[in-house]
file structure-v8.txt (compact mmCIF, C-alpha atoms)
# COMPACT_ATOMS: atom_id res chain seq x y z
CA MET A 1 77.29 128.59 124.57
CA ASP A 2 76.38 129.46 120.98
CA PHE A 3 78.50 127.61 118.41
CA ALA A 4 76.65 129.04 115.39
CA LEU A 5 78.69 130.93 112.81
CA ASN A 6 78.16 134.68 112.63
CA ASP A 7 77.18 136.50 109.43
CA GLU A 8 80.79 137.21 108.40
CA GLN A 9 81.78 133.59 108.92
CA LEU A 10 78.75 132.32 107.01
CA GLU A 11 79.60 134.62 104.10
CA HIS A 12 83.17 133.31 104.12
CA LYS A 13 81.90 129.73 104.21
CA ASP A 14 79.69 130.40 101.18
CA ARG A 15 82.61 131.93 99.25
CA CYS A 16 84.81 128.92 100.06
CA ARG A 17 82.11 126.43 99.06
CA THR A 18 81.55 128.26 95.77
CA PHE A 19 85.29 128.21 95.04
CA ALA A 20 85.49 124.51 95.90
CA ARG A 21 82.51 123.64 93.71
CA GLU A 22 83.26 125.87 90.71
CA VAL A 23 87.07 125.94 90.62
CA ILE A 24 88.52 123.05 92.62
CA ARG A 25 86.24 120.16 91.69
CA PRO A 26 86.31 120.69 87.90
CA ALA A 27 90.13 120.53 87.99
CA ALA A 28 90.45 117.77 90.58
CA ARG A 29 90.36 114.63 88.43
CA LYS A 30 92.96 115.88 85.94
CA HIS A 31 95.52 116.83 88.56
CA ASP A 32 94.82 113.73 90.63
CA GLN A 33 95.40 111.40 87.69
CA GLU A 34 98.44 113.28 86.43
CA GLU A 35 99.84 113.94 89.92
CA SER A 36 100.42 117.47 88.70
CA ILE A 37 100.58 120.76 90.58
CA PRO A 38 97.35 122.74 89.99
CA TRP A 39 99.02 126.06 89.20
CA ASP A 40 95.85 127.33 87.53
CA VAL A 41 93.78 126.73 90.66
CA ILE A 42 96.44 128.16 92.97
CA LYS A 43 96.59 131.32 90.86
CA GLU A 44 92.82 131.71 90.88
CA ALA A 45 92.77 131.09 94.64
CA ARG A 46 95.30 133.87 95.17
CA ARG A 47 93.27 136.16 92.90
CA GLN A 48 90.20 135.57 95.06
CA GLY A 49 92.12 136.07 98.31
CA PHE A 50 92.61 132.43 99.31
CA GLY A 51 95.86 130.74 100.35
CA GLY A 52 98.12 133.77 100.06
CA LEU A 53 99.63 136.42 102.29
CA GLU A 54 96.38 138.36 102.38
CA SER A 55 94.58 135.28 103.66
CA ILE A 56 97.19 134.70 106.38
CA GLN A 57 96.98 138.30 107.53
CA ARG A 58 93.19 138.14 107.63
CA SER A 59 93.31 134.93 109.64
CA ALA A 60 95.78 136.46 112.10
CA ALA A 61 93.23 139.19 112.82
CA ASP A 62 90.44 136.64 113.33
CA SER A 63 89.90 136.66 117.09
CA GLU A 64 87.74 133.50 116.99
CA GLY A 65 90.17 131.54 114.82
CA GLN A 66 87.41 130.31 112.53
CA MET A 67 88.29 131.59 109.06
CA GLN A 68 91.15 129.20 108.29
CA VAL A 69 89.21 126.29 109.78
CA ILE A 70 86.24 127.06 107.55
CA SER A 71 88.48 127.33 104.47
CA ALA A 72 90.16 124.02 105.26
CA GLU A 73 86.86 122.17 105.59
CA GLU A 74 85.33 123.58 102.41
CA PHE A 75 88.41 123.23 100.21
CA HIS A 76 88.98 119.63 101.33
CA TRP A 77 85.34 118.97 100.49
CA GLY A 78 86.35 119.99 96.98
CA CYS A 79 89.61 118.01 96.75
CA ALA A 80 92.13 117.24 99.46
CA GLY A 81 95.10 117.35 97.08
CA ILE A 82 94.27 120.73 95.60
CA ALA A 83 93.32 122.08 99.02
CA LEU A 84 96.81 121.26 100.30
CA ALA A 85 98.41 122.68 97.15
CA VAL A 86 96.60 125.96 97.81
CA SER A 87 97.36 126.16 101.53
CA GLY A 88 100.61 124.19 101.92
CA SER A 89 102.90 127.23 101.92
CA GLY A 90 101.20 128.45 105.09
CA LEU A 91 103.10 125.94 107.25
CA ALA A 92 106.46 127.40 106.24
CA ALA A 93 105.13 130.89 106.90
CA ALA A 94 103.88 129.76 110.32
CA GLY A 95 107.32 128.33 111.12
CA ILE A 96 108.96 131.64 110.26
CA ALA A 97 106.40 133.63 112.21
CA ALA A 98 106.80 131.38 115.27
CA SER A 99 110.61 131.51 115.43
CA GLY A 100 111.84 134.46 113.38
CA THR A 101 112.82 137.98 114.25
CA PRO A 102 110.56 140.82 113.03
CA GLU A 103 113.05 141.47 110.23
CA GLN A 104 113.07 137.82 109.15
CA ILE A 105 109.29 137.66 109.22
CA ALA A 106 108.99 140.77 107.05
CA ARG A 107 111.63 139.46 104.63
CA TRP A 108 110.68 135.81 104.24
CA VAL A 109 106.96 135.32 104.92
CA PRO A 110 105.98 137.16 101.70
CA GLU A 111 108.49 134.97 99.85
CA CYS A 112 106.44 131.91 100.84
CA PHE A 113 103.53 133.19 98.73
CA GLY A 114 104.77 135.59 96.08
CA SER A 115 102.14 137.65 94.28
CA ASP A 116 99.11 137.08 92.07
CA GLU A 117 101.39 137.48 89.05
CA GLU A 118 104.29 135.37 90.39
CA ILE A 119 103.21 132.47 92.57
CA LYS A 120 105.80 131.31 95.09
CA LEU A 121 105.74 128.34 97.46
CA GLY A 122 107.00 127.53 100.92
CA ALA A 123 108.02 124.17 102.41
CA TYR A 124 108.40 123.18 106.06
CA ALA A 125 111.01 120.43 106.24
CA VAL A 126 110.92 118.42 109.47
CA THR A 127 110.09 114.76 108.81
CA GLU A 128 112.97 112.31 108.28
CA PRO A 129 113.15 108.57 107.54
CA GLN A 130 113.41 107.73 111.24
CA ALA A 131 111.62 110.76 112.68
CA GLY A 132 108.15 112.05 111.91
CA SER A 133 106.38 113.86 114.70
CA ASP A 134 109.09 112.44 116.98
CA VAL A 135 111.22 115.53 116.47
CA LYS A 136 113.74 114.55 119.15
CA SER A 137 115.07 111.88 116.74
CA LEU A 138 115.99 114.25 113.92
CA LYS A 139 119.39 113.51 112.38
CA THR A 140 119.78 116.49 110.04
CA THR A 141 122.63 118.61 111.39
CA ALA A 142 123.63 122.26 111.27
CA ARG A 143 127.13 123.45 112.08
CA ARG A 144 128.50 126.97 112.14
CA ASP A 145 131.39 127.68 109.77
CA GLY A 146 132.46 131.32 109.85
CA ASP A 147 129.66 133.49 108.52
CA GLU A 148 127.65 130.51 107.33
CA TRP A 149 125.66 127.54 108.58
CA VAL A 150 126.22 124.19 106.87
CA LEU A 151 123.25 121.78 106.72
CA ASN A 152 123.43 118.05 106.06
CA GLY A 153 120.65 115.48 106.05
CA THR A 154 117.57 114.17 104.24
CA LYS A 155 113.96 115.14 104.83
CA ILE A 156 111.04 113.05 103.53
CA PHE A 157 107.33 113.52 102.77
CA ILE A 158 107.79 117.28 102.48
CA THR A 159 104.93 119.27 100.94
CA ASN A 160 106.43 121.39 98.12
CA GLY A 161 109.77 119.77 98.91
CA GLY A 162 112.52 120.66 96.45
CA ILE A 163 110.35 123.03 94.39
CA ALA A 164 109.62 125.65 97.05
CA ASP A 165 111.05 129.14 96.90
CA VAL A 166 111.57 129.03 100.67
CA HIS A 167 112.44 125.92 102.70
CA VAL A 168 112.28 126.15 106.48
CA VAL A 169 114.53 123.37 107.73
CA VAL A 170 114.65 122.10 111.31
CA ALA A 171 118.11 120.75 112.17
CA THR A 172 120.13 119.66 115.19
CA VAL A 173 122.83 121.98 116.46
CA ASP A 174 123.69 120.00 119.61
CA PRO A 175 122.58 116.32 119.46
CA GLU A 176 123.09 115.81 123.21
CA LEU A 177 120.25 118.26 124.00
CA GLY A 178 117.52 116.54 121.99
CA THR A 179 114.80 118.92 120.82
CA ARG A 180 116.34 121.69 122.91
CA GLY A 181 119.45 121.48 120.76
CA GLN A 182 117.58 122.14 117.53
CA ALA A 183 117.06 125.26 115.47
CA SER A 184 115.20 126.34 112.34
CA PHE A 185 116.89 127.69 109.22
CA ILE A 186 115.73 129.40 106.05
CA VAL A 187 117.07 127.97 102.80
CA GLY A 188 116.29 130.10 99.79
CA ASN A 189 115.56 128.89 96.28
CA GLY A 190 118.62 127.83 94.28
CA THR A 191 120.91 127.43 97.30
CA PRO A 192 123.83 125.09 96.38
CA GLY A 193 123.58 121.80 98.26
CA LEU A 194 119.75 121.80 98.34
CA SER A 195 118.06 119.38 95.96
CA GLN A 196 114.88 117.41 95.48
CA GLY A 197 115.13 113.68 96.04
CA LYS A 198 112.40 111.13 95.34
CA LYS A 199 109.00 112.54 94.42
CA GLU A 200 106.35 110.47 96.17
CA SER A 201 103.54 108.81 94.20
CA LYS A 202 100.74 108.69 96.76
CA LEU A 203 97.44 106.87 97.06
CA GLY A 204 95.63 110.15 97.65
CA ILE A 205 96.19 113.91 97.87
CA ARG A 206 98.03 113.49 94.57
CA ALA A 207 97.64 117.08 93.38
CA SER A 208 99.95 118.19 96.17
CA HIS A 209 103.68 117.82 95.46
CA THR A 210 105.41 115.66 98.09
CA ALA A 211 109.10 114.82 97.90
CA GLU A 212 112.41 114.28 99.66
CA VAL A 213 114.64 117.26 100.37
CA VAL A 214 118.35 116.49 100.30
CA LEU A 215 120.83 118.76 102.07
CA ASP A 216 124.43 118.06 101.13
CA GLU A 217 126.89 120.58 102.58
CA CYS A 218 124.18 123.16 102.04
CA ARG A 219 125.59 126.55 103.00
CA ILE A 220 123.36 129.43 104.04
CA PRO A 221 124.17 132.88 105.48
CA ALA A 222 124.37 133.12 109.28
CA GLU A 223 121.42 135.54 109.27
CA ASN A 224 119.18 132.74 107.97
CA LEU A 225 119.11 131.17 111.43
CA LEU A 226 115.56 131.86 112.57
CA GLY A 227 115.53 133.96 115.71
CA GLY A 228 119.19 134.86 115.42
CA GLU A 229 122.40 133.73 117.10
CA GLU A 230 121.77 135.32 120.50
CA LYS A 231 118.41 133.63 120.87
CA LEU A 232 119.91 130.25 119.96
CA GLN A 233 122.77 130.61 122.43
CA ARG A 234 120.39 131.54 125.25
CA LYS A 235 118.28 128.49 124.42
CA LEU A 236 121.32 126.20 124.44
CA GLU A 237 122.61 127.62 127.71
CA ARG A 238 119.24 127.09 129.41
CA ALA A 239 119.14 123.52 128.15
CA ARG A 240 122.67 122.75 129.34
CA SER A 241 121.90 124.17 132.78
CA GLY A 242 118.73 122.11 133.07
CA GLN A 243 116.32 125.03 133.01
CA LYS A 244 112.86 124.52 131.59
CA SER A 245 111.99 125.98 128.21
CA ARG A 246 109.02 126.06 125.89
CA SER A 247 108.33 123.24 123.45
CA ALA A 248 110.45 122.74 120.36
CA ASP A 249 109.86 125.18 117.49
CA ALA A 250 108.64 122.37 115.22
CA LEU A 251 106.11 121.12 117.77
CA ALA A 252 104.90 124.66 118.44
CA THR A 253 104.36 125.17 114.71
CA PHE A 254 102.51 121.85 114.35
CA GLU A 255 100.18 122.78 117.21
CA VAL A 256 98.88 125.69 115.15
CA THR A 257 97.75 123.27 112.44
CA ARG A 258 95.82 120.81 114.64
CA PRO A 259 92.38 122.44 114.20
CA LEU A 260 92.99 122.70 110.45
CA VAL A 261 93.77 118.98 110.20
CA GLY A 262 90.52 118.14 111.97
CA ALA A 263 88.53 120.48 109.72
CA SER A 264 90.19 119.00 106.63
CA ALA A 265 89.19 115.48 107.68
CA LEU A 266 85.64 116.69 108.22
CA GLY A 267 85.49 118.14 104.70
CA ILE A 268 86.77 114.88 103.18
CA ALA A 269 84.27 112.87 105.23
CA GLN A 270 81.40 115.09 104.10
CA ALA A 271 82.34 114.62 100.45
CA ALA A 272 82.60 110.84 100.89
CA TYR A 273 79.20 110.79 102.61
CA GLU A 274 77.58 112.76 99.80
CA TRP A 275 79.10 110.52 97.09
CA THR A 276 77.84 107.46 98.95
CA LEU A 277 74.31 108.86 99.14
CA GLU A 278 74.43 109.61 95.44
CA TYR A 279 75.18 105.98 94.73
CA LEU A 280 72.60 104.63 97.15
CA HIS A 281 69.88 106.83 95.69
CA GLY A 282 70.66 105.43 92.24
CA ARG A 283 71.03 108.75 90.47
CA SER A 284 71.45 108.59 86.74
CA GLU A 285 74.82 109.08 85.11
CA GLY A 286 74.94 110.02 81.44
CA GLY A 287 71.21 109.32 81.18
CA VAL A 288 71.59 105.73 82.41
CA ARG A 289 70.11 104.91 85.78
CA ARG A 290 72.46 102.92 88.00
CA SER A 291 71.30 99.65 89.48
CA ARG A 292 72.25 98.55 92.93
CA GLY A 293 74.22 95.70 91.40
CA SER A 294 76.48 97.95 89.37
CA PHE A 295 78.86 99.89 91.56
CA ARG A 296 80.56 102.86 89.95
CA PHE A 297 82.43 104.73 92.67
CA ARG A 298 84.07 107.98 91.70
CA GLY A 299 85.03 108.82 95.26
CA PRO A 300 86.01 112.22 96.57
CA PRO A 301 87.82 114.09 93.77
CA SER A 302 91.13 113.67 95.60
CA CYS A 303 91.06 109.89 95.20
CA THR A 304 92.29 107.88 92.24
CA ASP A 305 89.37 106.73 90.07
CA TRP A 306 88.48 103.04 90.26
CA ARG A 307 85.48 100.98 89.29
CA ARG A 308 84.06 97.60 90.26
CA THR A 309 81.09 95.68 88.88
CA SER A 310 79.19 93.49 91.29
CA ALA A 311 77.18 90.41 90.31
CA ALA A 312 75.12 90.60 93.49
CA PRO A 313 71.38 90.16 92.93
CA THR A 314 69.25 93.30 92.94
call {"tool": "encode", "arguments": {"input": "structure-v8.txt", "output": "C-alpha cells"}}
result
Amino acid sequence: MDFALNDEQLEHKDRCRTFAREVIRPAARKHDQEESIPWDVIKEARRQGFGGLESIQRSAADSEGQMQVISAEEFHWGCAGIALAVSGSGLAAAGIAASGTPEQIARWVPECFGSDEEIKLGAYAVTEPQAGSDVKSLKTTARRDGDEWVLNGTKIFITNGGIADVHVVVATVDPELGTRGQASFIVGNGTPGLSQGKKESKLGIRASHTAEVVLDECRIPAENLLGGEEKLQRKLERARSGQKSRSADALATFEVTRPLVGASALGIAQAAYEWTLEYLHGRSEGGVRRSRGSFRFRGPPSCTDWRRTSAAPT
C-alpha cells in the first residue's frame, strides 16, 4: 500500500506550510501573550481559502480525506492557538451537517463562517462541568413551550463560546433516556438568555477564545431543533421501546474530528522537535552564539514564553 501523498496533496501541503510560516508564526507570539483573537490571520486565511465554507466544501469532496488532515498538521506546526482560531468554526458546521435537515444545513452552515468581508464564527457547545466526552451525563435541558424551545444550563471550555454567531447546543430532552434523550439546537447570535460566562486563561492555545456559555431560559424558535420535530419524536419512541439506534449526535460529530486531533498533535510535536534541535545545535540569536549552559527556550509559538538560565558546566 502506497501512503505517499499525490501531487495535489503535496501542493496543498506546501500552501499550508507557507501560510503557517509567513502568516501564522509572525503573529503567534503577540496573540499568545495577549490571549487575543487573531482576526487578521483568520481574515487572511479565509482570503486564501483556508478555514471557511470553501475549505469545508473542498474537504467534503476529498475522497481520501487528506486535505483537512494536512491543513491541521501544518497550521498547528505554525501555532496551535491560531490554528484552532482559524478552524474552530468547523465543528459547529459539522454538527449541523450531521444532524440538520437540508434546509437547516443550507441556512446555518454558511452562518458559521460568514464571508471574506464579514467573518463569522461557530461554536459547538457540549462540555459541561460534570460532563466532557461523557455525553450521557449532560445536565443542560431543553423543554418545548408552544412554538419555542427553552434551554437552561451551563457549558464550559467552549471554543468561540459566547462570541460565536452560531452556537450548536446539545441538550437533554428526556433525562431518563440518557444520550438517546438528547437533541441538538441552533442558537443564533443575540438570542436573549444566551451569554458568555468565564473566559478561560489557558496554559497554551491562548490565541483561541475559550469560555463558558450560559443558557438561562434561552428561547429559540421550534425550527431551530436540528433534524426537526418528527425526527426527534421517532428517536425518542425507538429509545423508549428499547430499539437500537445510532450513536449520539455529539459523539458522531466528535468522531469526524479524531484524525484532525491526531494530525494537530503531530504538527505541534514537529515544531517542538525543530525548536529543540535549534537549541542543541547552538544557533546564534541576535548575533550571540548560545552556550549549552544558557537555556533560552522559546517553545512552539503557541506556548507562553519563558526563560531559564542554567549554571551547569559546559
call {"tool": "residues_around", "arguments": {"input": "structure-v8.txt", "residues": "Arg219 in chain A", "least_positions_apart": "5", "cutoff": "12 Å", "atoms": "all atoms listed in the file", "output": "ChimeraX atom specification"}}
result
/A:141-152,185-188,190-194,224-225
call {"tool": "residues_around", "arguments": {"input": "structure-v8.txt", "residues": "range 112-114 of chain A", "least_positions_apart": "6", "cutoff": "12 Å", "atoms": "all atoms listed in the file", "output": "compact mmCIF listing (two decimals) with C-alpha atoms, in the coordinates of the input"}}
result
# COMPACT_ATOMS: atom_id res chain seq x y z
CA ILE A 42 96.44 128.16 92.97
CA LYS A 43 96.59 131.32 90.86
CA ALA A 45 92.77 131.09 94.64
CA ARG A 46 95.30 133.87 95.17
CA ARG A 47 93.27 136.16 92.90
CA GLY A 49 92.12 136.07 98.31
CA PHE A 50 92.61 132.43 99.31
CA GLY A 51 95.86 130.74 100.35
CA GLY A 52 98.12 133.77 100.06
CA LEU A 53 99.63 136.42 102.29
CA GLU A 54 96.38 138.36 102.38
CA SER A 55 94.58 135.28 103.66
CA ILE A 56 97.19 134.70 106.38
CA ALA A 85 98.41 122.68 97.15
CA VAL A 86 96.60 125.96 97.81
CA SER A 87 97.36 126.16 101.53
CA GLY A 88 100.61 124.19 101.92
CA SER A 89 102.90 127.23 101.92
CA GLY A 90 101.20 128.45 105.09
CA LEU A 91 103.10 125.94 107.25
CA ALA A 92 106.46 127.40 106.24
CA ALA A 93 105.13 130.89 106.90
CA ALA A 94 103.88 129.76 110.32
CA GLY A 95 107.32 128.33 111.12
CA ILE A 96 108.96 131.64 110.26
CA ALA A 97 106.40 133.63 112.21
CA ILE A 105 109.29 137.66 109.22
CA ALA A 106 108.99 140.77 107.05
CA LYS A 120 105.80 131.31 95.09
CA LEU A 121 105.74 128.34 97.46
CA GLY A 122 107.00 127.53 100.92
CA ALA A 123 108.02 124.17 102.41
CA TYR A 124 108.40 123.18 106.06
CA ASN A 160 106.43 121.39 98.12
CA ILE A 163 110.35 123.03 94.39
CA ALA A 164 109.62 125.65 97.05
CA ASP A 165 111.05 129.14 96.90
CA VAL A 166 111.57 129.03 100.67
CA HIS A 167 112.44 125.92 102.70
CA VAL A 168 112.28 126.15 106.48
CA ILE A 186 115.73 129.40 106.05
CA VAL A 187 117.07 127.97 102.80
CA GLY A 188 116.29 130.10 99.79
CA ASN A 189 115.56 128.89 96.28
call {"tool": "atom_distance", "arguments": {"input": "structure-v8.txt", "atom1": "CA of Gln243 in chain A", "atom2": "CA of Arg180 in chain A"}}
result
10.6 Å
call {"tool": "residues_around", "arguments": {"input": "structure-v8.txt", "residues": "Gly78 in chain A", "least_positions_apart": "5", "cutoff": "6 Å", "atoms": "all atoms listed in the file", "output": "count of residues only"}}
result
3
call {"tool": "atom_distance", "arguments": {"input": "structure-v8.txt", "atom1": "CA of Leu138 in chain A", "atom2": "CA of Glu111 in chain A"}}
result
26.1 Å
call {"tool": "closest_residue", "arguments": {"input": "structure-v8.txt", "among": "A:Ile268, A:Phe157, A:Phe19, A:Gly227", "to": "Ala131 in chain A", "atoms": "all atoms listed in the file"}}
result
A:Phe157
call {"tool": "axis_aligned_box", "arguments": {"input": "structure-v8.txt", "around": "range 5-11 of chain A", "padding_each_side": "6 Å", "output": "AutoDock Vina command-line options"}}
result
--center_x 79.5 --center_y 134.1 --center_z 108.5 --size_x 16.6 --size_y 18.3 --size_z 20.7
call {"tool": "closest_residue", "arguments": {"input": "structure-v8.txt", "among": "A:Leu232, A:Leu203, A:Val109, A:Leu215", "to": "Gln33 in chain A", "atoms": "all atoms listed in the file"}}
result
A:Leu203
call {"tool": "closest_residue", "arguments": {"input": "structure-v8.txt", "among": "A:Gln196, A:Gln130, A:Gln57, A:Gln68", "to": "Val261 in chain A", "atoms": "only C-alpha atoms"}}
result
A:Gln68
call {"tool": "closest_residue", "arguments": {"input": "structure-v8.txt", "among": "A:Glu176, A:Glu73, A:Glu237, A:Glu274", "to": "Asp14 in chain A", "atoms": "all atoms listed in the file"}}
result
A:Glu73
call {"tool": "residues_around", "arguments": {"input": "structure-v8.txt", "residues": "Lys155 in chain A", "least_positions_apart": "3", "cutoff": "8 Å", "atoms": "only C-alpha atoms", "output": "PDB file with C-alpha atoms, in the frame of the given file"}}
result
ATOM      1  CA  ALA A 125     111.010 120.430 106.240  1.00  0.00           C
ATOM      2  CA  VAL A 126     110.920 118.420 109.470  1.00  0.00           C
ATOM      3  CA  THR A 127     110.090 114.760 108.810  1.00  0.00           C
ATOM      4  CA  GLU A 128     112.970 112.310 108.280  1.00  0.00           C
ATOM      5  CA  PRO A 129     113.150 108.570 107.540  1.00  0.00           C
ATOM      6  CA  THR A 140     119.780 116.490 110.040  1.00  0.00           C
ATOM      7  CA  ILE A 158     107.790 117.280 102.480  1.00  0.00           C
ATOM      8  CA  GLU A 212     112.410 114.280  99.660  1.00  0.00           C
ATOM      9  CA  VAL A 213     114.640 117.260 100.370  1.00  0.00           C
ATOM     10  CA  VAL A 214     118.350 116.490 100.300  1.00  0.00           C
TER      11      VAL A 214
END
call {"tool": "closest_residue", "arguments": {"input": "structure-v8.txt", "among": "A:Ala183, A:Ala269, A:Glu11, A:Lys198", "to": "Val169 in chain A", "atoms": "all atoms listed in the file"}}
result
A:Ala183
call {"tool": "closest_residue", "arguments": {"input": "structure-v8.txt", "among": "A:Ser99, A:Ala83, A:Glu118, A:Pro175", "to": "Val135 in chain A", "atoms": "only C-alpha atoms"}}
result
A:Pro175
call {"tool": "atom_distance", "arguments": {"input": "structure-v8.txt", "atom1": "CA of Gly197 in chain A", "atom2": "CA of Trp108 in chain A"}}
result
24.0 Å
call {"tool": "residues_around", "arguments": {"input": "structure-v8.txt", "residues": "Ala239 in chain A", "least_positions_apart": "5", "cutoff": "9 Å", "atoms": "all atoms listed in the file", "output": "list of chain:residue names"}}
result
A:Leu177, A:Arg180, A:Gly181, A:Arg234, A:Lys244, A:Ser245
call {"tool": "residues_near_point", "arguments": {"input": "structure-v8.txt", "point": "(92.8, 113.9, 96.0)", "cutoff": "12 Å", "atoms": "only C-alpha atoms", "output": "mmCIF file with C-alpha atoms, keeping the file's coordinate frame"}}
result
data_model
loop_
_atom_site.group_PDB
_atom_site.id
_atom_site.type_symbol
_atom_site.label_atom_id
_atom_site.label_comp_id
_atom_site.auth_asym_id
_atom_site.auth_seq_id
_atom_site.Cartn_x
_atom_site.Cartn_y
_atom_site.Cartn_z
ATOM 1 C CA ILE A 24 88.520 123.050 92.620
ATOM 2 C CA ARG A 25 86.240 120.160 91.690
ATOM 3 C CA ALA A 27 90.130 120.530 87.990
ATOM 4 C CA ALA A 28 90.450 117.770 90.580
ATOM 5 C CA ARG A 29 90.360 114.630 88.430
ATOM 6 C CA LYS A 30 92.960 115.880 85.940
ATOM 7 C CA HIS A 31 95.520 116.830 88.560
ATOM 8 C CA ASP A 32 94.820 113.730 90.630
ATOM 9 C CA GLN A 33 95.400 111.400 87.690
ATOM 10 C CA GLU A 34 98.440 113.280 86.430
ATOM 11 C CA GLU A 35 99.840 113.940 89.920
ATOM 12 C CA SER A 36 100.420 117.470 88.700
ATOM 13 C CA ILE A 37 100.580 120.760 90.580
ATOM 14 C CA PRO A 38 97.350 122.740 89.990
ATOM 15 C CA PHE A 75 88.410 123.230 100.210
ATOM 16 C CA HIS A 76 88.980 119.630 101.330
ATOM 17 C CA TRP A 77 85.340 118.970 100.490
ATOM 18 C CA GLY A 78 86.350 119.990 96.980
ATOM 19 C CA CYS A 79 89.610 118.010 96.750
ATOM 20 C CA ALA A 80 92.130 117.240 99.460
ATOM 21 C CA GLY A 81 95.100 117.350 97.080
ATOM 22 C CA ILE A 82 94.270 120.730 95.600
ATOM 23 C CA ALA A 83 93.320 122.080 99.020
ATOM 24 C CA LEU A 84 96.810 121.260 100.300
ATOM 25 C CA ALA A 85 98.410 122.680 97.150
ATOM 26 C CA LYS A 202 100.740 108.690 96.760
ATOM 27 C CA LEU A 203 97.440 106.870 97.060
ATOM 28 C CA GLY A 204 95.630 110.150 97.650
ATOM 29 C CA ILE A 205 96.190 113.910 97.870
ATOM 30 C CA ARG A 206 98.030 113.490 94.570
ATOM 31 C CA ALA A 207 97.640 117.080 93.380
ATOM 32 C CA SER A 208 99.950 118.190 96.170
ATOM 33 C CA HIS A 209 103.680 117.820 95.460
ATOM 34 C CA ILE A 268 86.770 114.880 103.180
ATOM 35 C CA ALA A 271 82.340 114.620 100.450
ATOM 36 C CA ALA A 272 82.600 110.840 100.890
ATOM 37 C CA ARG A 298 84.070 107.980 91.700
ATOM 38 C CA GLY A 299 85.030 108.820 95.260
ATOM 39 C CA PRO A 300 86.010 112.220 96.570
ATOM 40 C CA PRO A 301 87.820 114.090 93.770
ATOM 41 C CA SER A 302 91.130 113.670 95.600
ATOM 42 C CA CYS A 303 91.060 109.890 95.200
ATOM 43 C CA THR A 304 92.290 107.880 92.240
ATOM 44 C CA ASP A 305 89.370 106.730 90.070
#
call {"tool": "decode", "arguments": {"input": "structure-v8.txt", "residues": "range 270-275 of chain A", "atoms": "all heavy atoms", "output": "PDB file, in the first residue's frame"}}
result
ATOM      1  N   GLN A 270       6.201  18.220  15.852  1.00  0.00           N
ATOM      2  CA  GLN A 270       7.251  18.551  14.879  1.00  0.00           C
ATOM      3  C   GLN A 270       7.876  19.901  15.192  1.00  0.00           C
ATOM      4  O   GLN A 270       9.102  20.062  15.153  1.00  0.00           O
ATOM      5  CB  GLN A 270       6.675  18.566  13.466  1.00  0.00           C
ATOM      6  CG  GLN A 270       7.724  18.857  12.403  1.00  0.00           C
ATOM      7  CD  GLN A 270       7.134  18.945  11.004  1.00  0.00           C
ATOM      8  OE1 GLN A 270       5.920  18.893  10.829  1.00  0.00           O
ATOM      9  NE2 GLN A 270       7.989  19.100  10.009  1.00  0.00           N
ATOM     10  N   ALA A 271       7.034  20.878  15.539  1.00  0.00           N
ATOM     11  CA  ALA A 271       7.560  22.201  15.887  1.00  0.00           C
ATOM     12  C   ALA A 271       8.444  22.124  17.122  1.00  0.00           C
ATOM     13  O   ALA A 271       9.529  22.722  17.167  1.00  0.00           O
ATOM     14  CB  ALA A 271       6.407  23.168  16.116  1.00  0.00           C
ATOM     15  N   ALA A 272       7.999  21.381  18.142  1.00  0.00           N
ATOM     16  CA  ALA A 272       8.785  21.243  19.369  1.00  0.00           C
ATOM     17  C   ALA A 272      10.123  20.574  19.082  1.00  0.00           C
ATOM     18  O   ALA A 272      11.173  20.969  19.623  1.00  0.00           O
ATOM     19  CB  ALA A 272       7.992  20.441  20.398  1.00  0.00           C
ATOM     20  N   TYR A 273      10.102  19.566  18.223  1.00  0.00           N
ATOM     21  CA  TYR A 273      11.325  18.860  17.844  1.00  0.00           C
ATOM     22  C   TYR A 273      12.300  19.800  17.151  1.00  0.00           C
ATOM     23  O   TYR A 273      13.505  19.825  17.459  1.00  0.00           O
ATOM     24  CB  TYR A 273      10.955  17.695  16.925  1.00  0.00           C
ATOM     25  CG  TYR A 273      12.126  16.940  16.341  1.00  0.00           C
ATOM     26  CD1 TYR A 273      12.914  16.116  17.143  1.00  0.00           C
ATOM     27  CD2 TYR A 273      12.430  17.040  14.987  1.00  0.00           C
ATOM     28  CE1 TYR A 273      13.977  15.405  16.610  1.00  0.00           C
ATOM     29  CE2 TYR A 273      13.497  16.345  14.441  1.00  0.00           C
ATOM     30  CZ  TYR A 273      14.267  15.538  15.254  1.00  0.00           C
ATOM     31  OH  TYR A 273      15.320  14.840  14.722  1.00  0.00           O
ATOM     32  N   GLU A 274      11.792  20.613  16.235  1.00  0.00           N
ATOM     33  CA  GLU A 274      12.662  21.530  15.500  1.00  0.00           C
ATOM     34  C   GLU A 274      13.248  22.603  16.419  1.00  0.00           C
ATOM     35  O   GLU A 274      14.418  22.961  16.294  1.00  0.00           O
ATOM     36  CB  GLU A 274      11.872  22.170  14.357  1.00  0.00           C
ATOM     37  CG  GLU A 274      11.524  21.170  13.262  1.00  0.00           C
ATOM     38  CD  GLU A 274      10.560  21.744  12.231  1.00  0.00           C
ATOM     39  OE1 GLU A 274      10.133  22.915  12.392  1.00  0.00           O
ATOM     40  OE2 GLU A 274      10.220  21.027  11.270  1.00  0.00           O
ATOM     41  N   TRP A 275      12.443  23.126  17.353  1.00  0.00           N
ATOM     42  CA  TRP A 275      12.949  24.124  18.301  1.00  0.00           C
ATOM     43  C   TRP A 275      14.020  23.515  19.200  1.00  0.00           C
ATOM     44  O   TRP A 275      15.007  24.163  19.549  1.00  0.00           O
ATOM     45  CB  TRP A 275      11.802  24.681  19.143  1.00  0.00           C
ATOM     46  CG  TRP A 275      10.970  25.701  18.434  1.00  0.00           C
ATOM     47  CD1 TRP A 275       9.880  25.477  17.649  1.00  0.00           C
ATOM     48  CD2 TRP A 275      11.174  27.109  18.426  1.00  0.00           C
ATOM     49  NE1 TRP A 275       9.393  26.658  17.151  1.00  0.00           N
ATOM     50  CE2 TRP A 275      10.157  27.678  17.623  1.00  0.00           C
ATOM     51  CE3 TRP A 275      12.106  27.948  19.034  1.00  0.00           C
ATOM     52  CZ2 TRP A 275      10.057  29.050  17.393  1.00  0.00           C
ATOM     53  CZ3 TRP A 275      11.996  29.318  18.811  1.00  0.00           C
ATOM     54  CH2 TRP A 275      10.983  29.861  17.999  1.00  0.00           C
TER      55      TRP A 275
END
